[in-house]
$ cat work-v3.txt   # compact mmCIF, C-alpha atoms
# COMPACT_ATOMS: atom_id res chain seq x y z
CA MET A 6 42.31 -77.18 4.75
CA ALA A 7 43.08 -75.68 8.15
CA THR A 8 40.47 -75.74 10.87
CA ARG A 9 39.86 -72.85 13.22
CA ARG A 10 38.78 -72.63 16.78
CA GLY A 11 35.83 -70.45 17.61
CA PRO A 12 33.62 -68.40 15.35
CA ALA A 13 34.76 -67.05 12.01
CA PRO A 14 36.21 -63.53 12.18
CA ASN A 15 34.03 -60.59 11.27
CA PRO A 16 34.61 -58.99 7.86
CA ASN A 17 37.11 -56.10 7.96
CA ALA A 18 34.39 -53.54 7.32
CA VAL A 19 32.68 -54.37 10.61
CA ARG A 20 34.15 -52.49 13.54
CA ARG A 21 34.18 -54.66 16.63
CA ASN A 22 34.24 -51.85 19.19
CA LYS A 23 32.14 -49.25 17.41
CA ASP A 24 30.70 -47.89 20.66
CA HIS A 25 33.62 -46.06 22.25
CA ALA A 26 33.29 -45.26 25.96
CA LEU A 27 33.72 -41.55 25.24
CA GLY A 28 31.64 -41.66 22.08
CA GLU A 29 32.38 -39.68 18.95
CA ARG A 30 33.43 -36.12 19.74
CA LYS A 31 32.67 -33.47 17.15
CA LEU A 32 34.49 -30.24 17.99
CA SER A 33 33.64 -26.85 16.54
CA GLY A 34 37.19 -26.27 15.32
CA GLN A 35 37.07 -22.69 16.54
CA ALA A 36 39.32 -21.29 19.20
CA GLY A 37 37.44 -20.32 22.33
CA GLU A 38 37.97 -17.53 24.81
CA GLY A 39 39.73 -19.79 27.26
CA ARG A 40 40.99 -18.56 30.60
CA GLU A 41 43.74 -16.27 31.74
CA LEU A 42 46.94 -17.87 32.99
CA PRO A 43 46.80 -17.74 36.82
CA LYS A 44 49.58 -15.47 38.09
CA ALA A 45 49.91 -17.69 41.17
CA LEU A 46 51.47 -20.39 38.96
CA GLY A 47 54.58 -18.23 38.58
CA ILE A 48 55.13 -19.12 34.93
CA SER A 49 58.26 -17.37 33.66
CA THR A 50 58.98 -18.62 30.14
CA ALA A 51 57.37 -17.36 26.94
CA GLY A 52 57.05 -20.94 25.70
CA ALA A 53 54.97 -22.00 28.71
CA LYS A 54 52.80 -18.88 28.40
CA ARG A 55 52.22 -19.68 24.72
CA PHE A 56 51.44 -23.30 25.68
CA TRP A 57 48.76 -22.06 28.11
CA ARG A 58 47.22 -19.69 25.54
CA THR A 59 47.18 -22.42 22.90
CA TRP A 60 45.45 -25.00 25.07
CA ALA A 61 43.20 -22.60 26.99
CA SER A 62 41.67 -21.38 23.73
CA SER A 63 41.73 -24.70 21.86
CA PRO A 64 38.55 -26.33 20.54
CA GLN A 65 39.29 -29.26 22.86
CA SER A 66 38.81 -27.01 25.91
CA GLU A 67 35.26 -26.00 24.98
CA ASP A 68 33.76 -28.62 27.30
CA TRP A 69 36.47 -28.84 29.97
CA MET A 70 35.56 -29.17 33.63
CA GLU A 71 37.50 -27.77 36.59
CA THR A 72 39.57 -30.94 36.82
CA ASP A 73 40.72 -30.45 33.22
CA TRP A 74 41.74 -26.86 33.92
CA ALA A 75 43.65 -28.03 37.01
CA GLU A 76 45.46 -30.55 34.79
CA LEU A 77 46.36 -27.75 32.36
CA GLU A 78 47.87 -25.80 35.26
CA ILE A 79 50.02 -28.79 36.26
CA VAL A 80 51.18 -29.43 32.70
CA THR A 81 51.95 -25.73 32.18
CA LYS A 82 54.26 -25.88 35.22
CA LEU A 83 55.99 -28.89 33.64
CA VAL A 84 56.29 -27.02 30.32
CA ASP A 85 57.79 -24.02 32.16
CA ALA A 86 60.42 -26.31 33.73
CA PHE A 87 61.05 -27.87 30.31
CA TYR A 88 61.69 -24.46 28.73
CA LEU A 89 64.03 -23.66 31.62
CA GLY A 90 66.13 -26.65 30.51
CA ASP A 91 64.76 -29.58 32.52
CA MET A 92 64.33 -32.07 29.66
CA LYS A 93 63.23 -34.94 31.91
CA TYR A 94 59.64 -33.65 31.70
CA ALA A 95 59.34 -34.04 27.90
CA GLY A 96 57.81 -37.53 28.03
CA GLU A 97 55.37 -36.62 30.78
CA ILE A 98 54.22 -33.53 28.88
CA ARG A 99 53.71 -35.55 25.69
CA GLN A 100 51.75 -38.21 27.54
CA ARG A 101 49.46 -35.67 29.20
CA VAL A 102 48.72 -33.55 26.12
CA GLY A 103 48.02 -36.74 24.18
CA LYS A 104 45.00 -37.26 26.43
CA TRP A 105 43.63 -33.92 25.20
CA GLY A 106 44.13 -34.75 21.52
CA ALA A 107 47.34 -32.87 20.78
CA THR A 108 48.15 -34.59 17.48
CA THR A 109 46.17 -35.97 14.57
CA GLU A 110 46.93 -39.48 15.82
CA ASP A 111 45.77 -38.63 19.35
CA ARG A 112 42.51 -37.19 18.02
CA ALA A 113 41.91 -40.29 15.89
CA ARG A 114 42.45 -42.53 18.92
CA LEU A 115 40.06 -40.37 20.97
CA ARG A 116 37.62 -40.27 18.04
CA MET A 117 37.68 -36.49 17.91
CA SER A 118 36.87 -34.62 14.75
CA PHE A 119 36.43 -30.99 13.82
CA ASP A 120 33.51 -29.42 12.01
CA LYS A 121 34.88 -29.00 8.46
CA SER A 122 32.55 -26.09 7.66
CA VAL A 123 34.51 -23.94 10.14
CA GLU A 124 37.75 -24.62 8.22
CA VAL A 125 36.09 -23.53 4.97
CA GLU A 126 34.92 -20.29 6.63
CA LYS A 127 38.44 -19.60 7.92
CA ALA A 128 39.90 -20.11 4.44
CA GLN A 129 37.40 -17.63 3.00
CA GLU A 130 38.24 -14.97 5.61
CA GLY A 131 41.58 -14.25 3.97
CA PRO A 132 45.01 -13.72 5.52
CA GLN A 133 45.37 -14.44 9.23
CA LYS A 134 47.55 -12.78 11.87
CA LEU A 135 50.98 -14.27 12.49
CA SER A 136 51.12 -16.78 15.33
CA ASP A 137 53.43 -16.18 18.28
CA GLU A 138 55.79 -18.82 16.91
CA ASP A 139 55.91 -17.13 13.49
CA MET A 140 56.54 -13.76 15.13
CA ASP A 141 59.37 -15.32 17.16
CA LYS A 142 60.92 -16.67 13.95
CA GLU A 143 60.65 -13.29 12.23
CA LEU A 144 62.19 -11.52 15.24
CA PHE A 145 65.04 -14.06 15.33
CA LYS A 146 65.74 -13.43 11.63
CA LEU A 147 65.87 -9.67 12.22
CA LEU A 148 68.14 -9.98 15.26
CA SER A 149 70.54 -12.38 13.55
CA LYS A 150 70.98 -9.97 10.60
CA GLY A 151 72.05 -7.11 12.85
$ encode --input "work-v3.txt" --output "structure tokens"
Amino acid sequence: MATRRGPAPNPNAVRRNKDHALGERKLSGQAGEGRELPKALGISTAGAKRFWRTWASSPQSEDWMETDWAELEIVTKLVDAFYLGDMKYAGEIRQRVGKWGATTEDRARLRMSFDKSVEVEKAQEGPQKLSDEDMDKELFKLLSKG
């Protein structure tokens, strides 16, 4: 029989750090109004403009402060440079959007969750408009045929 140092480990069902510094964050799951892209940023690419629209109206932005909006401006400039071909910003962009909960994994780490009743309402509303990305794909298909 092996002996251990210190107290016995907690059972797996007990979460050691259940009180997260940021707490649990329940988001509405609905897109907000957001803000207009400041013209002074000089954003030139459609991808960076779409990036701004996506994040500015995201459920994550519903409780943003001015410092968060300033961070979005900085990241949008990086995204603009990325779409202009400067790939060295890819890692920095990914790191920064991860702090906002860009992916399912990021949201789990940040303990973010969306109100599921909103998703049910959306499903009951019927067909939705095409996203900018879907419209781009459709336009590309049409142009490549001609």
$ residues_around --input "work-v3.txt" --residues "stretch 36-48 of chain A" --least-positions-apart "5" --cutoff "6 Å" --atoms "only C-alpha atoms" --output "MDAnalysis selection string"
chainID A and resid 61:64
$ closest_residue --input "work-v3.txt" --among "A:Arg114, A:Arg101, A:Phe87, A:Glu71" --to "A:Ala53" --atoms "all atoms listed in the file"
A:Phe87
$ atom_distance --input "work-v3.txt" --atom1 "atom CA of A:Glu97" --atom2 "atom CA of A:Val84"
9.7 Å
$ closest_residue --input "work-v3.txt" --among "A:Gly106, A:Trp57, A:Arg112, A:Ser66" --to "A:Ile79" --atoms "all atoms listed in the file"
A:Trp57
$ atom_distance --input "work-v3.txt" --atom1 "atom CA of A:Ile98" --atom2 "atom CA of A:Glu78"
11.9 Å
$ atom_distance --input "work-v3.txt" --atom1 "atom CA of A:Asp85" --atom2 "atom CA of A:Trp69"
22.0 Å
$ closest_residue --input "work-v3.txt" --among "A:Leu83, A:Tyr94, A:Ala107, A:Arg116" --to "A:Ser49" --atoms "all atoms listed in the file"
A:Leu83
$ axis_aligned_box --input "work-v3.txt" --around "stretch 41-53 of chain A" --padding-each-side "8 Å" --output "AutoDock Vina command-line options"
--center_x 51.4 --center_y -18.7 --center_z 33.4 --size_x 31.2 --size_y 22.5 --size_z 31.5
